[in-house]
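S.K.: File follows, final_14.cif with mmCIF, C-alpha atoms:
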data_input
loop_
_atom_site.label_atom_id
_atom_site.label_comp_id
_atom_site.auth_asym_id
_atom_site.auth_seq_id
_atom_site.Cartn_x
_atom_site.Cartn_y
_atom_site.Cartn_z
CA MET A 1 102.59 80.77 81.59
CA LYS A 2 98.96 79.82 82.19
CA GLY A 3 97.75 77.15 84.58
CA ARG A 4 98.99 75.64 87.83
CA MET A 5 102.55 74.38 87.82
CA ILE A 6 104.54 72.73 90.63
CA CYS A 7 108.29 73.41 90.52
CA LEU A 8 110.72 71.36 92.63
CA GLU A 9 114.31 72.27 93.43
CA THR A 10 117.21 70.72 95.32
CA LEU A 11 119.22 73.44 97.03
CA PRO A 12 123.05 73.32 97.05
CA ASP A 13 123.07 71.92 100.60
CA GLY A 14 120.68 69.07 99.64
CA ARG A 15 117.50 70.54 101.07
CA GLU A 16 114.22 70.37 99.15
CA ALA A 17 112.20 73.36 97.99
CA ALA A 18 108.84 73.46 96.21
CA ALA A 19 106.95 76.30 94.57
CA LEU A 20 103.42 76.57 93.21
CA MET A 21 103.13 78.88 90.21
CA VAL A 22 99.65 79.94 89.07
CA ASP A 23 99.41 81.77 85.74
CA GLY A 24 103.04 82.82 86.08
CA GLN A 25 102.67 84.15 89.65
CA LEU A 26 104.27 82.56 92.71
CA GLU A 27 101.31 81.36 94.77
CA ASP A 28 102.88 79.20 97.48
CA LEU A 29 106.32 78.15 98.64
CA ARG A 30 107.77 75.49 100.94
CA ILE A 31 111.44 75.15 101.90
CA ASP A 32 113.05 72.60 104.19
CA PRO A 33 114.79 74.19 107.20
CA PRO A 34 118.60 74.45 107.18
CA ALA A 35 120.57 71.88 109.17
CA SER A 36 121.41 74.53 111.75
CA ASP A 37 117.73 74.93 112.65
CA LEU A 38 117.15 72.27 115.30
CA ARG A 39 113.62 73.29 116.22
CA PRO A 40 110.95 70.55 115.98
CA GLN A 41 108.98 71.17 112.80
CA PRO A 42 105.18 71.36 112.49
CA GLU A 43 103.36 68.01 112.03
CA ALA A 44 106.22 65.94 113.51
CA ILE A 45 104.94 63.37 116.03
CA TYR A 46 106.82 62.49 119.21
CA ARG A 47 106.58 60.20 122.16
CA GLY A 48 107.12 62.67 125.00
CA ILE A 49 107.38 62.54 128.77
CA ALA A 50 105.26 64.90 130.83
CA ASP A 51 107.39 67.17 132.97
CA ARG A 52 106.19 69.84 135.37
CA GLN A 53 102.89 71.65 135.36
CA VAL A 54 102.78 75.42 135.17
CA LYS A 55 99.63 76.36 137.03
CA GLY A 56 99.83 80.01 136.10
CA MET A 57 99.78 79.09 132.40
CA GLY A 58 97.31 76.23 132.77
CA GLY A 59 99.56 73.76 130.97
CA ILE A 60 102.42 71.33 131.30
CA PHE A 61 105.90 71.04 129.80
CA VAL A 62 106.78 67.89 127.88
CA THR A 63 110.29 66.54 127.25
CA LEU A 64 110.84 65.55 123.61
CA SER A 65 113.84 63.82 122.06
CA ASP A 66 117.27 65.48 121.95
CA GLY A 67 116.44 67.55 125.01
CA GLN A 68 113.78 69.59 123.21
CA LYS A 69 110.84 70.90 125.19
CA GLY A 70 107.19 71.18 124.25
CA PHE A 71 104.20 72.71 125.98
CA VAL A 72 100.64 71.36 126.23
CA ARG A 73 97.91 73.76 127.29
CA GLU A 74 95.51 70.95 128.24
CA ALA A 75 97.13 69.76 131.47
CA ARG A 76 94.04 68.24 133.06
CA GLY A 77 94.52 64.53 133.77
CA ILE A 78 98.24 64.53 132.89
CA SER A 79 100.75 63.51 135.56
CA PRO A 80 104.52 64.16 135.62
CA GLY A 81 106.39 61.20 134.12
CA GLN A 82 103.43 60.13 131.97
CA GLU A 83 104.12 59.12 128.35
CA LEU A 84 102.28 61.16 125.74
CA ILE A 85 101.91 60.92 121.97
CA VAL A 86 102.07 64.54 120.82
CA GLN A 87 102.33 66.47 117.56
CA ILE A 88 104.08 69.79 116.89
CA SER A 89 101.20 72.16 116.13
CA THR A 90 103.12 75.31 115.17
CA LEU A 91 106.71 76.34 114.56
CA PRO A 92 108.08 77.49 117.94
CA GLU A 93 109.78 80.82 118.38
CA ARG A 94 113.50 80.45 118.95
CA GLY A 95 114.31 79.70 122.57
CA LYS A 96 110.72 78.75 123.42
CA ALA A 97 109.00 75.38 123.92
CA SER A 98 107.15 73.90 120.95
CA PRO A 99 103.33 74.15 121.09
CA LEU A 100 101.95 70.60 121.17
CA ALA A 101 98.67 68.92 120.28
CA LEU A 102 97.55 65.85 122.21
CA ARG A 103 95.52 64.55 119.27
CA PRO A 104 97.86 63.97 116.30
CA LEU A 105 96.45 64.12 112.79
CA PHE A 106 97.71 61.71 110.13
CA LYS A 107 97.33 63.63 106.90
CA SER A 108 97.83 62.46 103.34
CA ARG A 109 96.68 63.53 99.90
CA TYR A 110 93.15 62.16 100.09
CA ALA A 111 92.56 61.29 103.73
CA ILE A 112 93.15 62.47 107.30
CA VAL A 113 92.95 59.88 110.09
CA THR A 114 92.08 61.27 113.53
CA PRO A 115 92.70 58.98 116.54
CA ASP A 116 90.54 59.78 119.58
CA LYS A 117 88.19 61.82 117.41
CA PRO A 118 85.63 59.43 115.90
CA GLY A 119 83.40 60.10 112.93
CA ARG A 120 83.60 59.95 109.14
CA ASN A 121 83.41 63.19 107.22
CA ILE A 122 83.79 64.37 103.66
CA SER A 123 85.14 67.79 102.68
CA ARG A 124 82.40 70.39 102.29
CA ALA A 125 84.09 71.51 99.09
CA ILE A 126 82.71 68.33 97.47
CA ARG A 127 79.07 69.20 96.84
CA ASP A 128 77.98 66.69 94.22
CA GLU A 129 75.70 64.23 96.04
CA ASP A 130 76.60 61.28 93.79
CA GLU A 131 80.29 61.91 94.41
CA ARG A 132 79.74 62.18 98.15
CA ASP A 133 77.87 58.87 98.07
CA ARG A 134 80.78 57.24 96.21
CA LEU A 135 83.32 58.53 98.68
CA ALA A 136 81.18 57.49 101.65
CA GLU A 137 81.07 53.96 100.25
CA VAL A 138 84.83 53.86 99.75
CA ALA A 139 85.37 55.14 103.28
CA HIS A 140 82.98 52.55 104.72
CA HIS A 141 84.89 49.63 103.20
CA SER A 142 88.41 51.03 103.62
CA PHE A 143 87.92 52.11 107.23
CA ALA A 144 86.00 49.08 108.43
CA ASP A 145 88.95 47.71 110.44
CA ALA A 146 89.69 50.98 112.23
CA PRO A 147 89.85 50.74 116.04
CA GLU A 148 87.06 52.26 118.07
CA GLY A 149 87.49 55.99 118.50
CA PHE A 150 89.36 56.55 115.21
CA GLY A 151 87.94 59.10 112.79
CA LEU A 152 88.36 59.80 109.09
CA ILE A 153 88.15 62.91 106.92
CA LEU A 154 88.20 62.68 103.13
CA ARG A 155 89.83 65.75 101.59
CA SER A 156 88.61 67.63 98.53
CA ALA A 157 91.34 66.06 96.36
CA ALA A 158 89.59 62.70 96.78
CA ALA A 159 86.96 63.86 94.28
CA ASP A 160 89.52 63.46 91.47
CA ALA A 161 90.88 60.10 92.62
CA SER A 162 89.88 56.51 91.88
CA ASN A 163 88.43 54.18 94.49
CA GLU A 164 91.69 52.24 94.57
CA GLU A 165 93.82 55.36 95.14
CA ILE A 166 91.60 56.57 97.96
CA SER A 167 91.43 53.14 99.59
CA GLU A 168 95.22 52.78 99.48
CA ASP A 169 95.65 56.24 100.97
CA ILE A 170 93.21 55.53 103.81
CA SER A 171 94.82 52.19 104.55
CA GLY A 172 98.32 53.67 104.71
CA GLN A 173 97.34 56.45 107.08
CA LEU A 174 95.26 54.13 109.24
CA HIS A 175 98.10 51.65 109.73
CA LEU A 176 100.51 54.48 110.53
CA ALA A 177 98.07 55.98 113.05
CA MET A 178 97.51 52.62 114.72
CA ALA A 179 101.26 51.94 114.98
CA VAL A 180 102.02 55.36 116.44
CA SER A 181 99.08 55.39 118.85
CA GLY A 182 100.24 52.09 120.34
CA ASP A 183 103.91 53.05 120.55
CA THR A 184 104.16 53.61 124.30
CA GLY A 185 105.84 51.90 127.19
CA SER A 186 109.49 52.53 126.34
CA GLY A 187 109.85 55.23 128.98
CA LYS A 188 111.95 57.57 126.85
CA PRO A 189 111.19 60.43 124.43
CA GLU A 190 111.49 59.67 120.72
CA LEU A 191 110.65 61.12 117.32
CA LEU A 192 108.04 58.77 115.84
CA VAL A 193 107.03 60.49 112.59
CA ASP A 194 109.18 63.17 111.01
CA ALA A 195 107.69 66.38 109.61
CA PRO A 196 106.88 66.23 105.87
CA SER A 197 109.46 67.60 103.46
CA ALA A 198 108.78 70.38 100.97
CA SER A 199 108.20 67.93 98.10
CA GLN A 200 105.88 65.80 100.24
CA ILE A 201 103.78 68.84 101.12
CA ALA A 202 103.63 69.84 97.45
CA TRP A 203 102.40 66.36 96.47
CA ARG A 204 99.92 66.24 99.34
CA ASP A 205 98.43 69.74 99.33
CA TRP A 206 98.84 71.25 95.87
CA SER A 207 97.17 70.43 92.58
CA GLY A 208 98.92 71.16 89.31
CA SER A 209 101.11 69.75 86.58
CA ASN A 210 104.77 68.94 87.11
CA GLY A 211 106.83 71.94 86.13
CA PRO A 212 110.52 72.69 85.54
CA ASN A 213 113.11 73.62 88.17
CA PHE A 214 113.13 77.01 89.86
CA GLU A 215 115.32 78.65 87.22
CA ASP A 216 113.25 77.63 84.22
CA GLY A 217 109.96 78.16 86.06
CA GLY A 218 110.76 81.76 87.02
CA VAL A 219 110.72 80.99 90.75
CA TRP A 220 114.11 82.52 91.52
CA ASP A 221 112.99 85.80 89.94
CA ALA A 222 109.82 85.76 92.05
CA LEU A 223 111.85 85.06 95.19
CA GLU A 224 114.09 88.02 94.43
CA THR A 225 111.10 90.37 94.69
CA LEU A 226 110.27 88.95 98.14
CA LYS A 227 113.53 90.36 99.51
CA SER A 228 111.80 93.73 99.58
CA PRO A 229 108.98 94.32 102.08
CA ASN A 230 107.11 96.36 99.46
CA CYS A 231 104.35 94.66 97.44
CA PRO A 232 102.81 96.46 94.44
CA LEU A 233 99.02 96.51 94.26
CA THR A 234 96.60 97.96 91.74
CA SER A 235 97.56 101.20 89.97
CA ALA A 236 100.02 103.18 92.10
CA ALA A 237 99.08 101.59 95.43
CA TRP A 238 101.41 99.34 97.41
CA MET A 239 101.73 97.71 100.82
CA SER A 240 104.69 96.93 103.05
CA VAL A 241 104.91 93.64 104.99
CA GLU A 242 107.60 93.77 107.69
CA PRO A 243 108.13 91.25 110.52
CA THR A 244 109.31 92.40 113.92
CA ARG A 245 110.03 90.31 117.00
CA ALA A 246 106.58 91.02 118.45
CA LEU A 247 104.35 91.12 115.36
CA VAL A 248 104.07 91.51 111.60
CA ALA A 249 103.39 95.12 110.58
CA VAL A 250 101.47 95.72 107.33
CA ASP A 251 101.24 99.26 105.95
CA ILE A 252 98.89 100.01 103.02
CA ASN A 253 99.49 103.11 100.88
CA THR A 254 97.63 104.66 97.95
CA GLY A 255 100.81 105.95 96.33
CA GLY A 256 100.12 108.59 93.74
CA ASP A 257 96.41 107.75 93.40
CA MET A 258 94.49 110.85 94.54
CA SER A 259 90.98 109.71 93.54
CA LEU A 260 88.13 109.66 96.08
CA ALA A 261 88.05 105.86 96.18
CA ALA A 262 91.84 105.44 96.33
CA GLY A 263 91.87 104.29 99.96
CA LEU A 264 89.14 101.71 99.51
CA LYS A 265 90.68 100.32 96.32
CA ALA A 266 94.12 100.01 97.90
CA ASN A 267 92.75 98.38 101.06
CA LEU A 268 90.65 95.84 99.18
CA ALA A 269 93.55 94.91 96.89
CA ALA A 270 95.92 94.57 99.83
CA LEU A 271 93.60 92.41 101.95
CA ARG A 272 92.97 90.08 99.00
CA ASP A 273 96.71 89.60 98.44
CA LEU A 274 97.80 89.57 102.08
CA PRO A 275 97.28 85.80 102.69
CA ARG A 276 99.58 85.01 99.74
CA GLN A 277 102.23 87.49 100.83
CA LEU A 278 102.25 86.12 104.39
CA SER A 279 102.49 82.52 103.18
CA LEU A 280 105.33 83.24 100.76
CA ARG A 281 107.24 85.01 103.51
CA GLY A 282 106.40 82.30 106.07
CA LEU A 283 104.98 84.83 108.52
CA GLY A 284 102.51 84.23 111.33
CA GLY A 285 101.67 85.24 114.88
CA GLN A 286 100.16 88.68 115.43
CA ILE A 287 99.40 90.63 112.24
CA VAL A 288 98.63 94.36 112.53
CA VAL A 289 97.39 96.15 109.40
CA ASP A 290 97.59 99.94 109.08
CA LEU A 291 95.10 100.62 106.30
CA ALA A 292 95.06 103.52 103.87
CA PRO A 293 92.64 106.31 104.88
CA PHE A 294 88.99 105.28 104.48
CA PRO A 295 85.56 106.20 105.92
CA LYS A 296 84.61 104.23 109.03
CA LYS A 297 81.41 103.07 107.33
CA GLU A 298 83.54 100.89 105.02
CA ARG A 299 84.77 98.68 107.86
CA PRO A 300 82.18 95.91 107.22
CA VAL A 301 83.19 95.48 103.57
CA LEU A 302 86.87 95.40 104.53
CA GLU A 303 86.20 92.77 107.21
CA SER A 304 84.22 90.57 104.83
CA THR A 305 86.92 90.88 102.15
CA ALA A 306 89.63 89.91 104.63
CA LYS A 307 87.67 86.93 105.96
CA ALA A 308 86.95 85.64 102.46
CA ALA A 309 90.59 85.99 101.42
CA PHE A 310 91.98 84.17 104.46
CA ARG A 311 89.28 81.51 104.24
CA LYS A 312 90.67 80.46 100.85
CA GLY A 313 94.15 80.02 102.31
CA ALA A 314 95.51 76.91 103.96
CA VAL A 315 96.81 78.62 107.13
CA ASP A 316 94.46 79.15 110.08
CA THR A 317 93.96 82.89 110.48
CA THR A 318 91.54 84.71 112.80
CA LEU A 319 90.33 88.28 112.43
CA VAL A 320 90.59 89.72 115.95
CA GLY A 321 89.08 93.15 115.25
CA TRP A 322 89.85 96.84 115.19
CA THR A 323 92.20 98.67 117.54
CA PRO A 324 91.37 102.11 119.01
CA LEU A 325 93.74 103.58 116.42
CA GLY A 326 91.82 101.95 113.57
CA HIS A 327 94.27 99.15 112.80
CA LEU A 328 92.96 95.73 111.78
CA GLU A 329 94.40 92.82 113.78
CA PHE A 330 94.74 89.12 112.95
CA THR A 331 96.32 86.10 114.58
CA ARG A 332 97.85 83.54 112.24
CA LYS A 333 99.26 80.08 112.84
CA ARG A 334 103.03 79.78 112.50
CA GLU A 335 103.16 76.70 110.32
CA ARG A 336 106.25 77.20 108.19
CA LEU A 337 109.80 78.48 108.18
CA PRO A 338 110.09 82.27 107.70
CA LEU A 339 111.68 83.04 104.35
CA ILE A 340 114.30 85.26 105.99
CA GLU A 341 115.52 82.19 107.92
CA ALA A 342 115.53 79.80 104.95
CA ASP A 343 119.18 80.49 104.04
CA LEU A 344 118.54 80.54 100.31
CA PRO A 345 121.45 80.88 97.87
#
In structure tokens, what does this structure look like?

M.R.:
Amino acid sequence: MKGRMICLETLPDGREAAALMVDGQLEDLRIDPPASDLRPQPEAIYRGIADRQVKGMGGIFVTLSDGQKGFVREARGISPGQELIVQISTLPERGKASPLALRPLFKSRYAIVTPDKPGRNISRAIRDEDERDRLAEVAHHSFADAPEGFGLILRSAAADASNEEISEDISGQLHLAMAVSGDTGSGKPELLVDAPSASQIAWRDWSGSNGPNFEDGGVWDALETLKSPNCPLTSAAWMSVEPTRALVAVDINTGGDMSLAAGLKANLAALRDLPRQLSLRGLGGQIVVDLAPFPKKERPVLESTAKAAFRKGAVDTTLVGWTPLGHLEFTRKRERLPLIEADLP
């Protein structure tokens, strides 16, 4: 099936799931965590209470609601007992404190409001000057009542929206940001803004027509293939994506291809598809790629291919470099539930 299609599903336990299908291929996936997973989820905003500083780590622990703990790396100027408005930045590893950001972002389909980070910006993906002028005018009028120090970013999706839709979106996020930023003084931790659900993320971040459920859209069949770590590439080549406790190991193989360029072809195909495979599996942290055999002179083209592929993705990923053994290393933000923990039927 050609085109971009968004499929929504309600799981047997009532959780939401959303899938983005592009030309019949599963491109992205979001699943709400099971009820047994009590970890604070990325993007949730809390009123927290600063706890004790950890000088050796250069940060400070923060008590969240329900006895949960978070950790802020920017401890300068924070005193124990101080109230803080914080946002979960990444999904914490089990048994560890949640990484926190001191500057929450209020993100919607067309706009992102940034308290304590002033300025008005428009997505670089919008290049038409007339369109940028239109959006700048809408932002000027819709953001005129923003408090000093509040910033605004208009997302690329705003280019397809009317002035009224954009203005309404900005206004909603601005009022929410103002309410949350001023919600201090109670003296106790509290969840202020819950993390977005799978359907909310699909509406906010994906473009495409409304599709059928998972069964009719072919999503369940696609998910079945993700149970195997092996991912077919071009010709006979394949790669294996396997998470361990310490890192995600990626192994690229040429299979039965014995041509001179087999290694390069397999590596390029794998690096182009790796961002999608990691997103579908919900994997992040340290990524170590064991590439198929290739001449050292091809490292620059492999690096540029990897950077371009990850740049197109929505998850922050950094190319760290090459190890002495010739492995390629990345660090990737943990921003979603791993598929192996999603408890799918």

S.K.: Of the candidates A:Phe143, A:Ala237, A:Leu29, A:Trp203, which shows the shortest atom-to-atom distance to Gly256 (chain A), using all atoms listed in the file?

M.R.: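 Of the candidates, the smallest distance to Gly256 (chain A) is held by A:Ala237.
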
S.K.: Between CA of Pro243 (chain A) and CA of Leu337 (chain A), what distance in Å does the model show, to one decimal?

M.R.: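 That distance, rounded to one decimal, is 13.1 Å.
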
S.K.: For the file shown, what are the residues hit by the PyMOL selection byres ((chain A and resi 282) around 9), laid out as an mmCIF file with C-alpha atoms, keeping the file's coordinate frame?

M.R.:
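Generated file (part_20.cif):
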data_model
loop_
_atom_site.group_PDB
_atom_site.id
_atom_site.type_symbol
_atom_site.label_atom_id
_atom_site.label_comp_id
_atom_site.auth_asym_id
_atom_site.auth_seq_id
_atom_site.Cartn_x
_atom_site.Cartn_y
_atom_site.Cartn_z
ATOM 1 C CA LEU A 29 106.320 78.150 98.640
ATOM 2 C CA ARG A 30 107.770 75.490 100.940
ATOM 3 C CA GLN A 277 102.230 87.490 100.830
ATOM 4 C CA LEU A 278 102.250 86.120 104.390
ATOM 5 C CA SER A 279 102.490 82.520 103.180
ATOM 6 C CA LEU A 280 105.330 83.240 100.760
ATOM 7 C CA ARG A 281 107.240 85.010 103.510
ATOM 8 C CA LEU A 283 104.980 84.830 108.520
ATOM 9 C CA GLY A 284 102.510 84.230 111.330
ATOM 10 C CA ARG A 334 103.030 79.780 112.500
ATOM 11 C CA GLU A 335 103.160 76.700 110.320
ATOM 12 C CA ARG A 336 106.250 77.200 108.190
ATOM 13 C CA LEU A 337 109.800 78.480 108.180
ATOM 14 C CA PRO A 338 110.090 82.270 107.700
ATOM 15 C CA LEU A 339 111.680 83.040 104.350
ATOM 16 C CA ILE A 340 114.300 85.260 105.990
#

S.K.: So that I can see what lies close to Lys188 (chain A), please list as a PyMOL selection string the residues with an atom at most 8 Å from it, counting all atoms listed in the file and leaving out residues fewer than 5 positions away in the same chain.

M.R.: chain A and resi 47-49

S.K.: Please determine, counting all atoms listed in the file, which residue among A:Glu129, A:Glu83, A:Pro34, A:Ile287 has the shortest atom-to-atom distance to Leu344 (chain A).

M.R.: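 Closest to Leu344 (chain A), using all atoms listed in the file: A:Pro34.
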
S.K.: Got a sec to check which residues sit within 12 Å of (87.4, 94.9, 100.3), counting all atoms listed in the file, and write them as an MDAnalysis selection string?

M.R.: chainID A and resid 261 263:274 291 294 298:309

S.K.: Emit the selected residues as a compact mmCIF listing (two decimals), in the coordinates of the input, including C-alpha atoms.

M.R.:
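Wrote result-v9.txt, looks like this:
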# COMPACT_ATOMS: atom_id res chain seq x y z
CA ALA A 261 88.05 105.86 96.18
CA GLY A 263 91.87 104.29 99.96
CA LEU A 264 89.14 101.71 99.51
CA LYS A 265 90.68 100.32 96.32
CA ALA A 266 94.12 100.01 97.90
CA ASN A 267 92.75 98.38 101.06
CA LEU A 268 90.65 95.84 99.18
CA ALA A 269 93.55 94.91 96.89
CA ALA A 270 95.92 94.57 99.83
CA LEU A 271 93.60 92.41 101.95
CA ARG A 272 92.97 90.08 99.00
CA ASP A 273 96.71 89.60 98.44
CA LEU A 274 97.80 89.57 102.08
CA LEU A 291 95.10 100.62 106.30
CA PHE A 294 88.99 105.28 104.48
CA GLU A 298 83.54 100.89 105.02
CA ARG A 299 84.77 98.68 107.86
CA PRO A 300 82.18 95.91 107.22
CA VAL A 301 83.19 95.48 103.57
CA LEU A 302 86.87 95.40 104.53
CA GLU A 303 86.20 92.77 107.21
CA SER A 304 84.22 90.57 104.83
CA THR A 305 86.92 90.88 102.15
CA ALA A 306 89.63 89.91 104.63
CA LYS A 307 87.67 86.93 105.96
CA ALA A 308 86.95 85.64 102.46
CA ALA A 309 90.59 85.99 101.42

S.K.: Write out as a PyMOL selection string the residues lying within 12 Å of Lys96 (chain A), counting all atoms listed in the file and excluding same-chain residues fewer than 3 positions away.

M.R.: chain A and resi 39-40+61+68-71+90-93+99

S.K.: Name the residues captured by the PyMOL selection byres ((chain A and resi 35) around 12) when it is applied to the shown file; answer as a list in words.

M.R.: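 Given this file, the PyMOL selection byres ((chain A and resi 35) around 12) evaluates to Asp13, Gly14, Arg15, Glu16, Asp32, Pro33, Pro34, Ser36, Asp37, Leu38, Arg39, Pro40, Glu341, Ala342 and Asp343 of chain A.
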
S.K.: Rounded to one decimal, what separation in Å do you get between CA of Ala111 (chain A) and CA of Asp169 (chain A)?

M.R.: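 CA of Asp169 (chain A) lies at a distance of 6.5 Å from CA of Ala111 (chain A).
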
S.K.: Under the rule that all atoms listed in the file are counted, which of A:Ser197, A:Gly211, A:Pro104, A:Asp128 is the nearest residue to Gln173 (chain A)?

M.R.: A:Pro104

S.K.: Could you list as a list in words every residue that has an atom within 12 Å of (101.0, 53.2, 113.7), using the file's coordinates and counting all atoms listed in the file?

M.R.: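 Within the cut-off we find Ile45, Ile85, Pro104, Leu105, Phe106, Val113, Pro115, Ala146, Pro147, Ser171, Gly172, Gln173, Leu174, His175, Leu176, Ala177, Met178, Ala179, Val180, Ser181, Gly182, Asp183, Thr184, Leu192 and Val193 of chain A.
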
S.K.: Using all atoms listed in the file, which of the listed residues (A:Arg311, A:Arg124, A:Arg276, A:Arg109) sits closest to Glu165 (chain A)?

M.R.: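 Counting all atoms listed in the file, the residue closest to Glu165 (chain A) is A:Arg109.
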
S.K.: One decimal, Å: what's the distance from CA of Ala195 (chain A) over to CA of Gln87 (chain A), could you say?

M.R.: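 Those two atoms sit 9.6 Å apart.
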
S.K.: Can you list, as a ChimeraX atom specification, the residues that the PyMOL selection byres ((chain A and resi 218-226) around 12) selects here?

M.R.: /A:1,5-9,11,17-31,211-217,227-232,240-242,276-282,338-340,342,344-345

S.K.: Skip Leu319 (chain A) itself and residues of its chain fewer than 5 positions away, then list as a PDB file with C-alpha atoms, in the frame of the given file all residues within 7 Å of it, counting all atoms listed in the file.

M.R.:
ATOM      1  CA  GLU A 329      94.400  92.820 113.780  1.00  0.00           C
ATOM      2  CA  PHE A 330      94.740  89.120 112.950  1.00  0.00           C
ATOM      3  CA  THR A 331      96.320  86.100 114.580  1.00  0.00           C
TER       4      THR A 331
END

S.K.: Calculated over only C-alpha atoms, which of the candidates A:Val72, A:Leu260, A:Ile170, A:Ile153 has the smallest distance to Thr114 (chain A)?

M.R.: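 Going through A:Val72, A:Leu260, A:Ile170, A:Ile153 one by one, the smallest distance to Thr114 (chain A) is for A:Ile153.
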
S.K.: Name all residues at most 12 Å from Ser162 (chain A) (count all atoms listed in the file; drop same-chain ones fewer than 2 positions away) and give them as a PyMOL selection string.

M.R.: chain A and resi 110+131+134-135+138+157-160+164-169

S.K.: Go ahead and write the residues just picked, C-alpha atoms, as a PDB file, in the coordinates of the input.

M.R.:
ATOM      1  CA  TYR A 110      93.150  62.160 100.090  1.00  0.00           C
ATOM      2  CA  GLU A 131      80.290  61.910  94.410  1.00  0.00           C
ATOM      3  CA  ARG A 134      80.780  57.240  96.210  1.00  0.00           C
ATOM      4  CA  LEU A 135      83.320  58.530  98.680  1.00  0.00           C
ATOM      5  CA  VAL A 138      84.830  53.860  99.750  1.00  0.00           C
ATOM      6  CA  ALA A 157      91.340  66.060  96.360  1.00  0.00           C
ATOM      7  CA  ALA A 158      89.590  62.700  96.780  1.00  0.00           C
ATOM      8  CA  ALA A 159      86.960  63.860  94.280  1.00  0.00           C
ATOM      9  CA  ASP A 160      89.520  63.460  91.470  1.00  0.00           C
ATOM     10  CA  GLU A 164      91.690  52.240  94.570  1.00  0.00           C
ATOM     11  CA  GLU A 165      93.820  55.360  95.140  1.00  0.00           C
ATOM     12  CA  ILE A 166      91.600  56.570  97.960  1.00  0.00           C
ATOM     13  CA  SER A 167      91.430  53.140  99.590  1.00  0.00           C
ATOM     14  CA  GLU A 168      95.220  52.780  99.480  1.00  0.00           C
ATOM     15  CA  ASP A 169      95.650  56.240 100.970  1.00  0.00           C
TER      16      ASP A 169
END

S.K.: Can you tell me, as a ChimeraX atom specification, what residues are no more than 10 Å from Gln53 (chain A) when counting all atoms listed in the file, ignoring any on the same chain fewer than 2 positions away?

M.R.: /A:50-51,55-62,71-73,75-76,78-80

S.K.: Have a look at A:Pro293, A:Gly313, A:Pro275, A:Pro196 and name the one nearest to Pro42 (chain A); count all atoms listed in the file.

M.R.: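 That would be A:Pro196, the residue with the smallest distance to Pro42 (chain A).
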